[in-house]
$ cat upload06.cif   # mmCIF, N, CA and C atoms
data_run
loop_
_atom_site.label_atom_id
_atom_site.label_comp_id
_atom_site.auth_asym_id
_atom_site.auth_seq_id
_atom_site.Cartn_x
_atom_site.Cartn_y
_atom_site.Cartn_z
N MET A 17 44.65 -5.29 3.58
CA MET A 17 43.42 -5.77 2.98
C MET A 17 43.11 -4.90 1.76
N ASP A 18 42.74 -5.57 0.68
CA ASP A 18 42.42 -4.88 -0.55
C ASP A 18 40.99 -4.36 -0.49
N MET A 19 40.82 -3.05 -0.65
CA MET A 19 39.50 -2.44 -0.61
C MET A 19 38.86 -2.58 -1.98
N LYS A 20 37.66 -3.15 -2.01
CA LYS A 20 36.93 -3.28 -3.27
C LYS A 20 35.60 -2.55 -3.12
N PHE A 21 35.30 -1.73 -4.10
CA PHE A 21 34.06 -0.96 -4.09
C PHE A 21 33.18 -1.41 -5.23
N ILE A 22 31.87 -1.33 -5.03
CA ILE A 22 30.89 -1.76 -6.02
C ILE A 22 29.97 -0.61 -6.38
N ASN A 23 29.76 -0.43 -7.66
CA ASN A 23 28.79 0.55 -8.14
C ASN A 23 27.40 -0.07 -7.96
N ILE A 24 26.54 0.61 -7.20
CA ILE A 24 25.19 0.10 -6.97
C ILE A 24 24.15 0.91 -7.72
N GLY A 25 24.62 1.69 -8.69
CA GLY A 25 23.71 2.46 -9.53
C GLY A 25 23.79 3.95 -9.29
N PHE A 26 23.65 4.72 -10.36
CA PHE A 26 23.63 6.18 -10.31
C PHE A 26 24.90 6.76 -9.69
N GLY A 27 26.02 6.07 -9.87
CA GLY A 27 27.28 6.56 -9.35
C GLY A 27 27.48 6.34 -7.86
N ASN A 28 26.59 5.62 -7.22
CA ASN A 28 26.72 5.32 -5.80
C ASN A 28 27.58 4.07 -5.61
N ILE A 29 28.43 4.12 -4.60
CA ILE A 29 29.41 3.08 -4.38
C ILE A 29 29.30 2.58 -2.93
N VAL A 30 29.44 1.25 -2.76
CA VAL A 30 29.54 0.69 -1.41
C VAL A 30 30.79 -0.19 -1.33
N SER A 31 31.28 -0.35 -0.14
CA SER A 31 32.44 -1.19 0.09
C SER A 31 32.01 -2.66 0.09
N ALA A 32 32.63 -3.45 -0.77
CA ALA A 32 32.23 -4.86 -0.93
C ALA A 32 32.38 -5.66 0.36
N HIS A 33 33.44 -5.40 1.11
CA HIS A 33 33.67 -6.21 2.31
C HIS A 33 32.74 -5.87 3.46
N ARG A 34 31.95 -4.81 3.33
CA ARG A 34 30.99 -4.44 4.38
C ARG A 34 29.60 -5.01 4.13
N VAL A 35 29.36 -5.60 2.95
CA VAL A 35 28.04 -6.14 2.60
C VAL A 35 27.89 -7.52 3.25
N VAL A 36 26.80 -7.67 4.03
CA VAL A 36 26.51 -8.95 4.67
C VAL A 36 25.61 -9.79 3.76
N SER A 37 24.58 -9.15 3.17
CA SER A 37 23.70 -9.88 2.27
C SER A 37 23.05 -8.92 1.28
N ILE A 38 22.61 -9.49 0.17
CA ILE A 38 21.89 -8.73 -0.85
C ILE A 38 20.63 -9.53 -1.14
N VAL A 39 19.48 -8.91 -0.90
CA VAL A 39 18.21 -9.61 -1.03
C VAL A 39 17.22 -8.82 -1.87
N SER A 40 16.20 -9.51 -2.31
CA SER A 40 15.12 -8.88 -3.06
C SER A 40 14.16 -8.21 -2.08
N PRO A 41 13.55 -7.09 -2.46
CA PRO A 41 12.71 -6.33 -1.51
C PRO A 41 11.26 -6.80 -1.41
N GLU A 42 10.88 -7.88 -2.08
CA GLU A 42 9.47 -8.24 -2.16
C GLU A 42 8.84 -8.85 -0.91
N SER A 43 9.60 -9.57 -0.11
CA SER A 43 8.98 -10.29 1.01
C SER A 43 8.62 -9.35 2.17
N ALA A 44 7.62 -9.77 2.92
CA ALA A 44 7.16 -8.98 4.07
C ALA A 44 8.26 -8.77 5.12
N PRO A 45 9.06 -9.80 5.44
CA PRO A 45 10.12 -9.57 6.43
C PRO A 45 11.15 -8.52 5.97
N ILE A 46 11.47 -8.50 4.70
CA ILE A 46 12.42 -7.51 4.18
C ILE A 46 11.79 -6.13 4.21
N LYS A 47 10.52 -6.03 3.86
CA LYS A 47 9.83 -4.73 3.94
C LYS A 47 9.82 -4.22 5.37
N ARG A 48 9.67 -5.13 6.33
CA ARG A 48 9.69 -4.76 7.75
C ARG A 48 11.08 -4.27 8.15
N ILE A 49 12.12 -4.95 7.67
CA ILE A 49 13.50 -4.53 7.96
C ILE A 49 13.76 -3.13 7.40
N ILE A 50 13.26 -2.87 6.19
CA ILE A 50 13.42 -1.55 5.57
C ILE A 50 12.73 -0.48 6.41
N GLN A 51 11.51 -0.75 6.85
CA GLN A 51 10.77 0.23 7.65
C GLN A 51 11.44 0.47 8.99
N GLU A 52 11.93 -0.59 9.62
CA GLU A 52 12.62 -0.44 10.91
C GLU A 52 13.89 0.38 10.75
N ALA A 53 14.61 0.17 9.64
CA ALA A 53 15.84 0.95 9.38
C ALA A 53 15.48 2.41 9.12
N ARG A 54 14.39 2.64 8.40
CA ARG A 54 13.94 4.02 8.13
C ARG A 54 13.62 4.72 9.45
N ASP A 55 12.88 4.04 10.32
CA ASP A 55 12.49 4.61 11.61
C ASP A 55 13.71 4.90 12.50
N ALA A 56 14.73 4.03 12.41
CA ALA A 56 15.92 4.18 13.25
C ALA A 56 16.96 5.12 12.64
N GLY A 57 16.73 5.56 11.41
CA GLY A 57 17.70 6.43 10.74
C GLY A 57 18.87 5.68 10.14
N ASN A 58 18.71 4.39 9.90
CA ASN A 58 19.79 3.56 9.34
C ASN A 58 19.55 3.15 7.90
N LEU A 59 18.64 3.84 7.22
CA LEU A 59 18.33 3.50 5.83
C LEU A 59 19.06 4.44 4.89
N ILE A 60 19.71 3.87 3.88
CA ILE A 60 20.36 4.65 2.84
C ILE A 60 19.67 4.31 1.53
N ASP A 61 18.92 5.27 1.00
CA ASP A 61 18.15 5.05 -0.22
C ASP A 61 18.95 5.57 -1.41
N ALA A 62 19.50 4.65 -2.19
CA ALA A 62 20.31 5.02 -3.36
C ALA A 62 19.56 4.73 -4.66
N THR A 63 18.23 4.77 -4.60
CA THR A 63 17.42 4.44 -5.78
C THR A 63 17.11 5.65 -6.65
N TYR A 64 17.31 6.84 -6.13
CA TYR A 64 16.99 8.08 -6.86
C TYR A 64 15.54 8.08 -7.32
N GLY A 65 14.65 7.57 -6.49
CA GLY A 65 13.23 7.57 -6.79
C GLY A 65 12.77 6.44 -7.68
N ARG A 66 13.69 5.59 -8.12
CA ARG A 66 13.32 4.45 -8.96
C ARG A 66 12.85 3.31 -8.09
N ARG A 67 12.34 2.28 -8.73
CA ARG A 67 11.87 1.09 -8.01
C ARG A 67 13.04 0.39 -7.32
N THR A 68 12.86 0.00 -6.07
CA THR A 68 13.89 -0.73 -5.34
C THR A 68 13.94 -2.15 -5.86
N ARG A 69 15.12 -2.56 -6.33
CA ARG A 69 15.30 -3.91 -6.86
C ARG A 69 16.18 -4.78 -5.97
N SER A 70 16.99 -4.14 -5.13
CA SER A 70 17.81 -4.92 -4.20
C SER A 70 17.98 -4.17 -2.88
N VAL A 71 18.13 -4.96 -1.84
CA VAL A 71 18.31 -4.44 -0.49
C VAL A 71 19.61 -5.05 0.05
N MET A 72 20.54 -4.18 0.44
CA MET A 72 21.81 -4.65 0.98
C MET A 72 21.84 -4.42 2.48
N VAL A 73 22.17 -5.47 3.20
CA VAL A 73 22.34 -5.38 4.65
C VAL A 73 23.85 -5.24 4.88
N MET A 74 24.23 -4.17 5.56
CA MET A 74 25.65 -3.89 5.79
C MET A 74 26.05 -4.35 7.20
N ASP A 75 27.34 -4.58 7.40
CA ASP A 75 27.81 -5.04 8.70
C ASP A 75 27.66 -3.99 9.80
N SER A 76 27.40 -2.75 9.42
CA SER A 76 27.19 -1.67 10.38
C SER A 76 25.74 -1.60 10.86
N GLY A 77 24.86 -2.44 10.25
CA GLY A 77 23.45 -2.39 10.59
C GLY A 77 22.65 -1.50 9.65
N HIS A 78 23.33 -0.79 8.77
CA HIS A 78 22.64 0.04 7.79
C HIS A 78 22.01 -0.83 6.72
N ILE A 79 20.92 -0.33 6.15
CA ILE A 79 20.24 -0.99 5.04
C ILE A 79 20.36 -0.05 3.85
N VAL A 80 20.86 -0.58 2.73
CA VAL A 80 21.05 0.23 1.53
C VAL A 80 20.10 -0.28 0.45
N LEU A 81 19.30 0.64 -0.12
CA LEU A 81 18.38 0.30 -1.20
C LEU A 81 19.01 0.69 -2.53
N SER A 82 18.86 -0.19 -3.53
CA SER A 82 19.41 0.08 -4.85
C SER A 82 18.38 -0.26 -5.92
N ALA A 83 18.47 0.45 -7.05
CA ALA A 83 17.59 0.19 -8.19
C ALA A 83 18.19 -0.85 -9.13
N VAL A 84 19.34 -1.42 -8.75
CA VAL A 84 20.02 -2.43 -9.57
C VAL A 84 19.65 -3.82 -9.04
N GLN A 85 19.47 -4.77 -9.96
CA GLN A 85 19.12 -6.14 -9.60
C GLN A 85 20.18 -6.78 -8.70
N PRO A 86 19.78 -7.63 -7.74
CA PRO A 86 20.76 -8.31 -6.88
C PRO A 86 21.80 -9.10 -7.69
N GLU A 87 21.36 -9.77 -8.75
CA GLU A 87 22.28 -10.58 -9.56
C GLU A 87 23.37 -9.71 -10.18
N THR A 88 23.01 -8.50 -10.58
CA THR A 88 23.98 -7.59 -11.18
C THR A 88 25.01 -7.16 -10.14
N ILE A 89 24.55 -6.85 -8.95
CA ILE A 89 25.48 -6.43 -7.89
C ILE A 89 26.41 -7.57 -7.52
N VAL A 90 25.88 -8.78 -7.41
CA VAL A 90 26.71 -9.95 -7.09
C VAL A 90 27.76 -10.16 -8.18
N GLY A 91 27.36 -9.98 -9.43
CA GLY A 91 28.31 -10.09 -10.53
C GLY A 91 29.43 -9.08 -10.42
N ARG A 92 29.10 -7.87 -9.99
CA ARG A 92 30.12 -6.82 -9.82
C ARG A 92 31.05 -7.17 -8.66
N ILE A 93 30.50 -7.74 -7.59
CA ILE A 93 31.33 -8.15 -6.45
C ILE A 93 32.28 -9.26 -6.89
N ALA A 94 31.78 -10.18 -7.71
CA ALA A 94 32.59 -11.31 -8.17
C ALA A 94 33.66 -10.86 -9.15
N GLY A 95 33.59 -9.60 -9.60
CA GLY A 95 34.63 -9.07 -10.46
C GLY A 95 34.34 -9.18 -11.93
N LYS A 96 33.14 -9.60 -12.28
CA LYS A 96 32.79 -9.69 -13.69
C LYS A 96 32.67 -8.28 -14.25
N GLU A 97 33.43 -8.00 -15.26
CA GLU A 97 33.34 -6.70 -15.91
C GLU A 97 32.14 -6.72 -16.84
N GLU A 98 31.27 -5.79 -16.66
CA GLU A 98 30.10 -5.70 -17.53
C GLU A 98 29.85 -4.25 -17.85
N THR A 99 29.30 -4.03 -19.01
CA THR A 99 28.99 -2.66 -19.38
C THR A 99 27.65 -2.31 -18.77
N MET A 100 27.59 -1.18 -18.14
CA MET A 100 26.36 -0.73 -17.51
C MET A 100 25.48 -0.10 -18.57
N GLU A 101 24.35 -0.73 -18.80
CA GLU A 101 23.43 -0.18 -19.78
C GLU A 101 22.56 0.87 -19.11
N LYS A 102 22.33 1.96 -19.81
CA LYS A 102 21.51 3.03 -19.26
C LYS A 102 20.09 2.54 -18.99
N SER A 103 19.60 1.59 -19.78
CA SER A 103 18.25 1.09 -19.57
C SER A 103 18.10 0.44 -18.19
N GLU A 104 19.19 -0.18 -17.71
CA GLU A 104 19.16 -0.82 -16.39
C GLU A 104 18.96 0.22 -15.30
N GLU A 105 19.64 1.35 -15.40
CA GLU A 105 19.56 2.36 -14.35
C GLU A 105 18.29 3.18 -14.43
N TYR A 106 17.72 3.30 -15.60
CA TYR A 106 16.59 4.21 -15.75
C TYR A 106 15.25 3.50 -15.87
N GLU A 107 15.23 2.19 -15.63
CA GLU A 107 13.95 1.48 -15.60
C GLU A 107 13.14 1.95 -14.42
N SER A 108 11.82 2.01 -14.60
CA SER A 108 11.01 2.40 -13.46
C SER A 108 10.09 1.29 -13.05
#

$ encode --input "upload06.cif" --output "structure tokens"
Amino acid sequence: MDMKFINIGFGNIVSAHRVVSIVSPESAPIKRIIQEARDAGNLIDATYGRRTRSVMVMDSGHIVLSAVQPETIVGRIAGKEETMEKSEEYES
């Protein structure tokens, strides 16, 4: 099996084949999932203090927070080569 990794911002990488879903953090059910993962010790916050723009649910049950838009991450998974603009990573 070919291992594919995705940059989710600030040099953080996740394994593409372990991602179950990528969702926006705005809805109440997603906020509840984030809090439950935090309480259970299954939350990985890769935002570096920036605003959470995407929430990844992993097949291990871990929840990964990223400051990168879901559409951008999906594009990276699909293999679209794009230049990472610093403004994207440093928006607050």

$ closest_residue --input "upload06.cif" --among "A:Thr88, A:Ser76, A:Ser43, A:Ser70" --to "Asn23 of chain A" --atoms "only N, CA and C atoms"
A:Thr88

$ atom_distance --input "upload06.cif" --atom1 "atom CA of Ile24 of chain A" --atom2 "atom C of Ser82 of chain A"
6.9 Å

$ select_by_dssp --input "upload06.cif" --residues "chain A" --states "alpha helix (DSSP H)" --output "list in words"
Ala44, Pro45, Ile46, Lys47, Arg48, Ile49, Ile50, Gln51, Glu52, Ala53, Arg54, Asp55, Ala56, Pro86, Glu87, Thr88, Ile89, Val90, Gly91, Arg92, Ile93, Lys102, Ser103, Glu104, Glu105 and Tyr106 of chain A

$ atom_distance --input "upload06.cif" --atom1 "atom N of Arg34 of chain A" --atom2 "atom N of Tyr64 of chain A"
21.0 Å

$ residues_near_point --input "upload06.cif" --point "(20.1, -8.3, -5.5)" --cutoff "6 Å" --atoms "all atoms listed in the file" --output "list in words"
Ile38, Val39, Ser40, Arg69, Ser70, Val71, Val84, Gln85, Pro86, Glu87, Thr88 and Ile89 of chain A
